[in-house]
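Participant: Structure file structure.cif (mmCIF, N, CA and C atoms) right here:
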```
data_input
#
loop_
_atom_site.label_atom_id
_atom_site.label_comp_id
_atom_site.auth_asym_id
_atom_site.auth_seq_id
_atom_site.Cartn_x
_atom_site.Cartn_y
_atom_site.Cartn_z
N MET A 1 0.84 -1.19 0.00
CA MET A 1 0.00 0.00 0.00
C MET A 1 0.89 1.25 0.00
N ALA A 2 0.53 2.19 -0.81
CA ALA A 2 1.33 3.41 -0.95
C ALA A 2 0.82 4.50 -0.01
N LEU A 3 1.74 5.30 0.46
CA LEU A 3 1.40 6.47 1.26
C LEU A 3 1.01 7.58 0.30
N THR A 4 -0.17 8.15 0.48
CA THR A 4 -0.65 9.19 -0.43
C THR A 4 -0.49 10.57 0.19
N LYS A 5 -0.67 11.57 -0.65
CA LYS A 5 -0.61 12.95 -0.18
C LYS A 5 -1.69 13.19 0.87
N ARG A 6 -2.84 12.59 0.69
CA ARG A 6 -3.93 12.71 1.66
C ARG A 6 -3.51 12.12 3.01
N ASP A 7 -2.86 10.95 2.97
CA ASP A 7 -2.37 10.31 4.20
C ASP A 7 -1.40 11.23 4.95
N ILE A 8 -0.52 11.87 4.19
CA ILE A 8 0.45 12.77 4.80
C ILE A 8 -0.27 13.96 5.45
N GLY A 9 -1.25 14.52 4.74
CA GLY A 9 -2.03 15.63 5.29
C GLY A 9 -2.74 15.25 6.57
N LEU A 10 -3.32 14.05 6.60
CA LEU A 10 -4.01 13.59 7.81
C LEU A 10 -3.04 13.42 8.97
N LYS A 11 -1.86 12.88 8.69
CA LYS A 11 -0.87 12.69 9.75
C LYS A 11 -0.39 14.04 10.29
N VAL A 12 -0.14 14.98 9.40
CA VAL A 12 0.27 16.33 9.83
C VAL A 12 -0.82 16.94 10.70
N SER A 13 -2.06 16.78 10.29
CA SER A 13 -3.19 17.33 11.06
C SER A 13 -3.26 16.71 12.45
N ARG A 14 -3.17 15.39 12.52
CA ARG A 14 -3.25 14.69 13.81
C ARG A 14 -2.10 15.07 14.73
N GLU A 15 -0.88 15.06 14.20
CA GLU A 15 0.29 15.27 15.05
C GLU A 15 0.53 16.73 15.43
N SER A 16 0.02 17.65 14.63
CA SER A 16 0.25 19.06 14.94
C SER A 16 -0.97 19.72 15.57
N GLY A 17 -2.12 19.05 15.48
CA GLY A 17 -3.33 19.63 16.06
C GLY A 17 -3.97 20.71 15.22
N ILE A 18 -3.56 20.83 13.94
CA ILE A 18 -4.19 21.84 13.07
C ILE A 18 -5.32 21.18 12.27
N LEU A 19 -6.17 22.01 11.70
CA LEU A 19 -7.29 21.50 10.91
C LEU A 19 -6.78 20.74 9.69
N GLN A 20 -7.55 19.73 9.28
CA GLN A 20 -7.15 18.93 8.12
C GLN A 20 -6.96 19.78 6.87
N ASP A 21 -7.88 20.71 6.64
CA ASP A 21 -7.78 21.56 5.45
C ASP A 21 -6.48 22.36 5.46
N THR A 22 -6.12 22.89 6.62
CA THR A 22 -4.88 23.66 6.75
C THR A 22 -3.67 22.75 6.53
N ALA A 23 -3.72 21.55 7.08
CA ALA A 23 -2.62 20.60 6.91
C ALA A 23 -2.45 20.21 5.45
N HIS A 24 -3.56 19.96 4.75
CA HIS A 24 -3.48 19.59 3.33
C HIS A 24 -2.90 20.74 2.50
N LYS A 25 -3.29 21.96 2.84
CA LYS A 25 -2.74 23.13 2.12
C LYS A 25 -1.24 23.26 2.39
N ALA A 26 -0.83 23.01 3.62
CA ALA A 26 0.60 23.10 3.97
C ALA A 26 1.41 22.05 3.21
N VAL A 27 0.89 20.82 3.15
CA VAL A 27 1.59 19.76 2.42
C VAL A 27 1.69 20.13 0.95
N GLN A 28 0.59 20.63 0.36
CA GLN A 28 0.60 21.01 -1.05
C GLN A 28 1.57 22.16 -1.31
N THR A 29 1.66 23.11 -0.38
CA THR A 29 2.58 24.23 -0.52
C THR A 29 4.03 23.75 -0.53
N VAL A 30 4.35 22.80 0.34
CA VAL A 30 5.71 22.24 0.38
C VAL A 30 6.02 21.52 -0.93
N LEU A 31 5.08 20.71 -1.41
CA LEU A 31 5.30 19.98 -2.66
C LEU A 31 5.43 20.94 -3.85
N ASP A 32 4.63 22.00 -3.86
CA ASP A 32 4.74 23.01 -4.93
C ASP A 32 6.09 23.70 -4.91
N ALA A 33 6.59 24.00 -3.70
CA ALA A 33 7.90 24.66 -3.59
C ALA A 33 9.00 23.75 -4.11
N ILE A 34 8.93 22.46 -3.80
CA ILE A 34 9.92 21.50 -4.30
C ILE A 34 9.84 21.41 -5.82
N ALA A 35 8.62 21.28 -6.35
CA ALA A 35 8.44 21.18 -7.80
C ALA A 35 8.93 22.43 -8.52
N ASP A 36 8.64 23.61 -7.96
CA ASP A 36 9.08 24.87 -8.58
C ASP A 36 10.60 24.93 -8.68
N GLU A 37 11.27 24.54 -7.61
CA GLU A 37 12.74 24.58 -7.61
C GLU A 37 13.31 23.60 -8.63
N LEU A 38 12.71 22.41 -8.72
CA LEU A 38 13.19 21.41 -9.67
C LEU A 38 12.92 21.86 -11.10
N ARG A 39 11.79 22.52 -11.35
CA ARG A 39 11.49 23.03 -12.69
C ARG A 39 12.54 24.04 -13.14
N LYS A 40 13.08 24.79 -12.18
CA LYS A 40 14.13 25.78 -12.50
C LYS A 40 15.49 25.12 -12.65
N GLY A 41 15.55 23.80 -12.46
CA GLY A 41 16.83 23.11 -12.57
C GLY A 41 17.61 23.12 -11.28
N GLY A 42 16.98 23.55 -10.20
CA GLY A 42 17.65 23.64 -8.91
C GLY A 42 17.75 22.31 -8.19
N ARG A 43 18.17 22.41 -6.97
CA ARG A 43 18.39 21.23 -6.13
C ARG A 43 17.68 21.48 -4.80
N VAL A 44 17.02 20.45 -4.28
CA VAL A 44 16.30 20.56 -3.01
C VAL A 44 16.96 19.62 -2.02
N GLU A 45 17.51 20.19 -0.96
CA GLU A 45 18.21 19.39 0.04
C GLU A 45 17.44 19.46 1.36
N LEU A 46 16.99 18.29 1.82
CA LEU A 46 16.28 18.18 3.08
C LEU A 46 17.18 17.40 4.03
N ARG A 47 17.78 18.09 4.96
CA ARG A 47 18.75 17.48 5.89
C ARG A 47 18.17 16.23 6.54
N ASN A 48 18.99 15.22 6.64
CA ASN A 48 18.64 13.93 7.25
C ASN A 48 17.56 13.17 6.48
N PHE A 49 17.12 13.68 5.34
CA PHE A 49 16.14 12.97 4.53
C PHE A 49 16.74 12.62 3.18
N GLY A 50 17.13 13.64 2.41
CA GLY A 50 17.72 13.37 1.11
C GLY A 50 17.78 14.59 0.23
N VAL A 51 18.21 14.35 -1.02
CA VAL A 51 18.39 15.43 -1.98
C VAL A 51 17.65 15.07 -3.27
N PHE A 52 16.85 16.03 -3.76
CA PHE A 52 16.21 15.92 -5.06
C PHE A 52 16.98 16.82 -6.01
N GLU A 53 17.30 16.31 -7.20
CA GLU A 53 17.96 17.15 -8.19
C GLU A 53 17.59 16.70 -9.59
N VAL A 54 17.71 17.61 -10.53
CA VAL A 54 17.42 17.32 -11.93
C VAL A 54 18.72 16.92 -12.59
N VAL A 55 18.72 15.77 -13.25
CA VAL A 55 19.89 15.33 -13.99
C VAL A 55 19.49 15.07 -15.44
N ASN A 56 20.44 15.22 -16.34
CA ASN A 56 20.19 15.01 -17.75
C ASN A 56 20.59 13.60 -18.13
N ARG A 57 19.63 12.87 -18.69
CA ARG A 57 19.94 11.53 -19.22
C ARG A 57 20.22 11.68 -20.70
N LYS A 58 21.38 11.26 -21.11
CA LYS A 58 21.77 11.37 -22.51
C LYS A 58 20.94 10.40 -23.36
N SER A 59 20.84 10.70 -24.65
CA SER A 59 20.11 9.80 -25.53
C SER A 59 20.87 8.48 -25.64
N ARG A 60 20.12 7.42 -25.89
CA ARG A 60 20.74 6.09 -25.98
C ARG A 60 19.89 5.20 -26.86
N ILE A 61 20.44 4.07 -27.18
CA ILE A 61 19.72 3.08 -27.98
C ILE A 61 19.17 2.02 -27.03
N GLY A 62 17.87 1.77 -27.15
CA GLY A 62 17.23 0.74 -26.34
C GLY A 62 16.71 -0.37 -27.23
N ARG A 63 16.23 -1.42 -26.61
CA ARG A 63 15.66 -2.53 -27.36
C ARG A 63 14.31 -2.90 -26.80
N ASN A 64 13.39 -3.20 -27.69
CA ASN A 64 12.07 -3.65 -27.30
C ASN A 64 12.18 -5.13 -26.92
N PRO A 65 11.85 -5.50 -25.68
CA PRO A 65 11.99 -6.91 -25.28
C PRO A 65 11.11 -7.85 -26.10
N ASN A 66 10.01 -7.33 -26.65
CA ASN A 66 9.13 -8.17 -27.48
C ASN A 66 9.66 -8.33 -28.89
N ASN A 67 10.56 -7.45 -29.30
CA ASN A 67 11.14 -7.51 -30.64
C ASN A 67 12.60 -7.07 -30.54
N PRO A 68 13.48 -7.90 -29.97
CA PRO A 68 14.85 -7.47 -29.67
C PRO A 68 15.70 -7.13 -30.89
N GLY A 69 15.26 -7.48 -32.06
CA GLY A 69 16.05 -7.17 -33.26
C GLY A 69 15.92 -5.73 -33.69
N VAL A 70 14.99 -5.00 -33.13
CA VAL A 70 14.74 -3.62 -33.55
C VAL A 70 15.30 -2.66 -32.50
N ASP A 71 16.20 -1.78 -32.94
CA ASP A 71 16.74 -0.76 -32.04
C ASP A 71 15.77 0.41 -31.96
N VAL A 72 15.66 0.98 -30.76
CA VAL A 72 14.79 2.13 -30.54
C VAL A 72 15.64 3.24 -29.95
N LYS A 73 15.58 4.43 -30.57
CA LYS A 73 16.34 5.56 -30.05
C LYS A 73 15.55 6.19 -28.92
N ILE A 74 16.17 6.27 -27.75
CA ILE A 74 15.56 6.93 -26.59
C ILE A 74 16.17 8.32 -26.51
N PRO A 75 15.35 9.36 -26.61
CA PRO A 75 15.90 10.73 -26.65
C PRO A 75 16.45 11.19 -25.32
N GLU A 76 17.29 12.20 -25.39
CA GLU A 76 17.83 12.85 -24.20
C GLU A 76 16.67 13.49 -23.43
N ARG A 77 16.75 13.46 -22.10
CA ARG A 77 15.71 14.10 -21.30
C ARG A 77 16.20 14.38 -19.89
N ASN A 78 15.52 15.28 -19.23
CA ASN A 78 15.83 15.59 -17.83
C ASN A 78 14.94 14.74 -16.93
N VAL A 79 15.51 14.22 -15.86
CA VAL A 79 14.76 13.41 -14.90
C VAL A 79 15.09 13.88 -13.49
N VAL A 80 14.17 13.62 -12.57
CA VAL A 80 14.41 13.95 -11.17
C VAL A 80 15.07 12.76 -10.50
N LYS A 81 16.14 13.03 -9.80
CA LYS A 81 16.88 11.99 -9.10
C LYS A 81 16.77 12.26 -7.60
N PHE A 82 16.57 11.21 -6.82
CA PHE A 82 16.52 11.35 -5.37
C PHE A 82 17.64 10.51 -4.78
N ARG A 83 18.38 11.13 -3.89
CA ARG A 83 19.44 10.43 -3.17
C ARG A 83 19.11 10.51 -1.68
N ALA A 84 18.94 9.37 -1.06
CA ALA A 84 18.59 9.35 0.36
C ALA A 84 19.74 9.87 1.21
N GLY A 85 19.39 10.59 2.27
CA GLY A 85 20.38 11.10 3.21
C GLY A 85 20.85 9.99 4.14
N GLY A 86 21.92 10.27 4.88
CA GLY A 86 22.52 9.27 5.75
C GLY A 86 21.57 8.69 6.78
N SER A 87 20.80 9.53 7.45
CA SER A 87 19.87 9.05 8.48
C SER A 87 18.80 8.16 7.88
N LEU A 88 18.25 8.56 6.74
CA LEU A 88 17.21 7.77 6.08
C LEU A 88 17.76 6.42 5.62
N ARG A 89 18.97 6.45 5.05
CA ARG A 89 19.59 5.18 4.60
C ARG A 89 19.78 4.23 5.76
N LYS A 90 20.27 4.75 6.88
CA LYS A 90 20.48 3.89 8.07
C LYS A 90 19.17 3.32 8.56
N ASP A 91 18.12 4.14 8.60
CA ASP A 91 16.81 3.67 9.07
C ASP A 91 16.24 2.60 8.14
N ILE A 92 16.44 2.74 6.84
CA ILE A 92 15.93 1.76 5.88
C ILE A 92 16.72 0.46 5.97
N ASP A 93 18.02 0.55 6.22
CA ASP A 93 18.86 -0.64 6.28
C ASP A 93 18.52 -1.52 7.48
N LYS A 94 17.92 -0.94 8.51
CA LYS A 94 17.60 -1.72 9.72
C LYS A 94 16.56 -2.76 9.45
#
```
Can you turn what I pasted into structure tokens?
Facilitator:
Amino acid sequence: MALTKRDIGLKVSRESGILQDTAHKAVQTVLDAIADELRKGGRVELRNFGVFEVVNRKSRIGRNPNNPGVDVKIPERNVVKFRAGGSLRKDIDK
């Protein structure tokens, strides 16, 4: 089961004692700020959690597994990369 944005808003509301609507708006504002920075090509660093950054994937040749004889050109594109911080990595490894 996946954790949804709604789930995060509910948890913020419960743990902080603020109204659900306010918590949902706060979560959305944080996500919008992260997305805006990434759209500008920036980097978002959340201490003890991780780093989001935009990286460029160069174009390459791929193969269709259903028809391996045919080469498919995959174009260059920008993707969001996440690197977990030290604390998060340690917690996941446990």
Participant: Could you give me the residues within range 14-88 of chain A that DSSP places in helix (DSSP H, G or I), as a PDB file with N, CA and C atoms, in the coordinates of the input?
Facilitator:
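That gives us part_10.pdb:
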```
ATOM      1  N   ARG A  14      -3.170  15.390  12.520  1.00  0.00           N
ATOM      2  CA  ARG A  14      -3.250  14.690  13.810  1.00  0.00           C
ATOM      3  C   ARG A  14      -2.100  15.070  14.730  1.00  0.00           C
ATOM      4  N   GLU A  15      -0.880  15.060  14.200  1.00  0.00           N
ATOM      5  CA  GLU A  15       0.290  15.270  15.050  1.00  0.00           C
ATOM      6  C   GLU A  15       0.530  16.730  15.430  1.00  0.00           C
ATOM      7  N   SER A  16       0.020  17.650  14.630  1.00  0.00           N
ATOM      8  CA  SER A  16       0.250  19.060  14.940  1.00  0.00           C
ATOM      9  C   SER A  16      -0.970  19.720  15.570  1.00  0.00           C
ATOM     10  N   GLN A  20      -7.550  19.730   9.280  1.00  0.00           N
ATOM     11  CA  GLN A  20      -7.150  18.930   8.120  1.00  0.00           C
ATOM     12  C   GLN A  20      -6.960  19.780   6.870  1.00  0.00           C
ATOM     13  N   ASP A  21      -7.880  20.710   6.640  1.00  0.00           N
ATOM     14  CA  ASP A  21      -7.780  21.560   5.450  1.00  0.00           C
ATOM     15  C   ASP A  21      -6.480  22.360   5.460  1.00  0.00           C
ATOM     16  N   THR A  22      -6.120  22.890   6.620  1.00  0.00           N
ATOM     17  CA  THR A  22      -4.880  23.660   6.750  1.00  0.00           C
ATOM     18  C   THR A  22      -3.670  22.750   6.530  1.00  0.00           C
ATOM     19  N   ALA A  23      -3.720  21.550   7.080  1.00  0.00           N
ATOM     20  CA  ALA A  23      -2.620  20.600   6.910  1.00  0.00           C
ATOM     21  C   ALA A  23      -2.450  20.210   5.450  1.00  0.00           C
ATOM     22  N   HIS A  24      -3.560  19.960   4.750  1.00  0.00           N
ATOM     23  CA  HIS A  24      -3.480  19.590   3.330  1.00  0.00           C
ATOM     24  C   HIS A  24      -2.900  20.740   2.500  1.00  0.00           C
ATOM     25  N   LYS A  25      -3.290  21.960   2.840  1.00  0.00           N
ATOM     26  CA  LYS A  25      -2.740  23.130   2.120  1.00  0.00           C
ATOM     27  C   LYS A  25      -1.240  23.260   2.390  1.00  0.00           C
ATOM     28  N   ALA A  26      -0.830  23.010   3.620  1.00  0.00           N
ATOM     29  CA  ALA A  26       0.600  23.100   3.970  1.00  0.00           C
ATOM     30  C   ALA A  26       1.410  22.050   3.210  1.00  0.00           C
ATOM     31  N   VAL A  27       0.890  20.820   3.150  1.00  0.00           N
ATOM     32  CA  VAL A  27       1.590  19.760   2.420  1.00  0.00           C
ATOM     33  C   VAL A  27       1.690  20.130   0.950  1.00  0.00           C
ATOM     34  N   GLN A  28       0.590  20.630   0.360  1.00  0.00           N
ATOM     35  CA  GLN A  28       0.600  21.010  -1.050  1.00  0.00           C
ATOM     36  C   GLN A  28       1.570  22.160  -1.310  1.00  0.00           C
ATOM     37  N   THR A  29       1.660  23.110  -0.380  1.00  0.00           N
ATOM     38  CA  THR A  29       2.580  24.230  -0.520  1.00  0.00           C
ATOM     39  C   THR A  29       4.030  23.750  -0.530  1.00  0.00           C
ATOM     40  N   VAL A  30       4.350  22.800   0.340  1.00  0.00           N
ATOM     41  CA  VAL A  30       5.710  22.240   0.380  1.00  0.00           C
ATOM     42  C   VAL A  30       6.020  21.520  -0.930  1.00  0.00           C
ATOM     43  N   LEU A  31       5.080  20.710  -1.410  1.00  0.00           N
ATOM     44  CA  LEU A  31       5.300  19.980  -2.660  1.00  0.00           C
ATOM     45  C   LEU A  31       5.430  20.940  -3.850  1.00  0.00           C
ATOM     46  N   ASP A  32       4.630  22.000  -3.860  1.00  0.00           N
ATOM     47  CA  ASP A  32       4.740  23.010  -4.930  1.00  0.00           C
ATOM     48  C   ASP A  32       6.090  23.700  -4.910  1.00  0.00           C
ATOM     49  N   ALA A  33       6.590  24.000  -3.700  1.00  0.00           N
ATOM     50  CA  ALA A  33       7.900  24.660  -3.590  1.00  0.00           C
ATOM     51  C   ALA A  33       9.000  23.750  -4.110  1.00  0.00           C
ATOM     52  N   ILE A  34       8.930  22.460  -3.800  1.00  0.00           N
ATOM     53  CA  ILE A  34       9.920  21.500  -4.300  1.00  0.00           C
ATOM     54  C   ILE A  34       9.840  21.410  -5.820  1.00  0.00           C
ATOM     55  N   ALA A  35       8.620  21.280  -6.350  1.00  0.00           N
ATOM     56  CA  ALA A  35       8.440  21.180  -7.800  1.00  0.00           C
ATOM     57  C   ALA A  35       8.930  22.430  -8.520  1.00  0.00           C
ATOM     58  N   ASP A  36       8.640  23.610  -7.960  1.00  0.00           N
ATOM     59  CA  ASP A  36       9.080  24.870  -8.580  1.00  0.00           C
ATOM     60  C   ASP A  36      10.600  24.930  -8.680  1.00  0.00           C
ATOM     61  N   GLU A  37      11.270  24.540  -7.610  1.00  0.00           N
ATOM     62  CA  GLU A  37      12.740  24.580  -7.610  1.00  0.00           C
ATOM     63  C   GLU A  37      13.310  23.600  -8.630  1.00  0.00           C
ATOM     64  N   LEU A  38      12.710  22.410  -8.720  1.00  0.00           N
ATOM     65  CA  LEU A  38      13.190  21.410  -9.670  1.00  0.00           C
ATOM     66  C   LEU A  38      12.920  21.860 -11.100  1.00  0.00           C
ATOM     67  N   ARG A  39      11.790  22.520 -11.350  1.00  0.00           N
ATOM     68  CA  ARG A  39      11.490  23.030 -12.690  1.00  0.00           C
ATOM     69  C   ARG A  39      12.540  24.040 -13.140  1.00  0.00           C
ATOM     70  N   GLY A  86      21.920  10.270   4.880  1.00  0.00           N
ATOM     71  CA  GLY A  86      22.520   9.270   5.750  1.00  0.00           C
ATOM     72  C   GLY A  86      21.570   8.690   6.780  1.00  0.00           C
ATOM     73  N   SER A  87      20.800   9.530   7.450  1.00  0.00           N
ATOM     74  CA  SER A  87      19.870   9.050   8.480  1.00  0.00           C
ATOM     75  C   SER A  87      18.800   8.160   7.880  1.00  0.00           C
ATOM     76  N   LEU A  88      18.250   8.560   6.740  1.00  0.00           N
ATOM     77  CA  LEU A  88      17.210   7.770   6.080  1.00  0.00           C
ATOM     78  C   LEU A  88      17.760   6.420   5.620  1.00  0.00           C
TER      79      LEU A  88
END
```
Participant: Going by the chain IDs and residue numbers used in this file, which residues fall under the PyMOL selection byres ((chain A and resi 23) around 7)? Write them as a VMD selection string.
Facilitator: chain A and resid 8 to 10 12 to 13 18 to 22 24 to 28
Participant: What's the 7 Å shell around Gly42 in chain A, counting only N, CA and C atoms, without same-chain residues fewer than 5 positions away, as a list in words?
Facilitator: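 Using only N, CA and C atoms, the neighbours found are Asp36, Glu37, Phe52, Glu53 and Val54 of chain A.
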Participant: Just to confirm, what's the straight-line distance from CA of Glu76 in chain A to CA of Ala35 in chain A in Å (one decimal)?
Facilitator: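 One can read the CA of Glu76 in chain A to CA of Ala35 in chain A distance as 20.7 Å.
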Participant: When you draw a straight line from CA of Leu46 in chain A to CA of Lys58 in chain A, how long is it in Å?
Facilitator: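 Interatomic distance, CA of Leu46 in chain A to CA of Lys58 in chain A: 27.0 Å.
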Participant: How far is it from CA of Gly85 in chain A to CA of Ser59 in chain A, in Å with one decimal?
Facilitator: 28.8 Å
Participant: Counting only C-alpha atoms, what is within 12 Å of Arg83 in chain A, bar same-chain residues fewer than 5 positions away, as a ChimeraX atom specification?
Facilitator: /A:43-55,88-89
Participant: Residues of chain A classed as strand (DSSP E) by DSSP on the backbone are to be reported as a PyMOL selection string.
Facilitator: chain A and resi 43-46+50-57+60-64+67-74+77-84
Participant: With distances taken over only C-alpha atoms, which of A:Lys40, A:Arg57, A:Lys11, A:Lys5 is nearest to Lys81 in chain A?
Facilitator: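 Counting only C-alpha atoms, the residue closest to Lys81 in chain A is A:Arg57.
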Participant: List as a PyMOL selection string the residues having at least one atom at most 8 Å from position (12.7, 16.8, -17.1) as given in the file, counting all atoms listed in the file.
Facilitator: chain A and resi 38-39+54-56+77-80
Participant: The selected residues should be written to file as a compact mmCIF listing (two decimals), in the coordinates of the input (atoms: N, CA and C atoms).
Facilitator:
```
# COMPACT_ATOMS: atom_id res chain seq x y z
N LEU A 38 12.71 22.41 -8.72
CA LEU A 38 13.19 21.41 -9.67
C LEU A 38 12.92 21.86 -11.10
N ARG A 39 11.79 22.52 -11.35
CA ARG A 39 11.49 23.03 -12.69
C ARG A 39 12.54 24.04 -13.14
N VAL A 54 17.71 17.61 -10.53
CA VAL A 54 17.42 17.32 -11.93
C VAL A 54 18.72 16.92 -12.59
N VAL A 55 18.72 15.77 -13.25
CA VAL A 55 19.89 15.33 -13.99
C VAL A 55 19.49 15.07 -15.44
N ASN A 56 20.44 15.22 -16.34
CA ASN A 56 20.19 15.01 -17.75
C ASN A 56 20.59 13.60 -18.13
N ARG A 77 16.75 13.46 -22.10
CA ARG A 77 15.71 14.10 -21.30
C ARG A 77 16.20 14.38 -19.89
N ASN A 78 15.52 15.28 -19.23
CA ASN A 78 15.83 15.59 -17.83
C ASN A 78 14.94 14.74 -16.93
N VAL A 79 15.51 14.22 -15.86
CA VAL A 79 14.76 13.41 -14.90
C VAL A 79 15.09 13.88 -13.49
N VAL A 80 14.17 13.62 -12.57
CA VAL A 80 14.41 13.95 -11.17
C VAL A 80 15.07 12.76 -10.50
```
Participant: Using all atoms of range 12-29 of chain A listed in the file and a margin of 8 Å per side, can you give the axis-aligned box centre and edge lengths in Å to one decimal, as AutoDock Vina command-line options?
Facilitator:
```
--center_x -1.9 --center_y 19.5 --center_z 7.4 --size_x 27.9 --size_y 25.5 --size_z 33.4
```
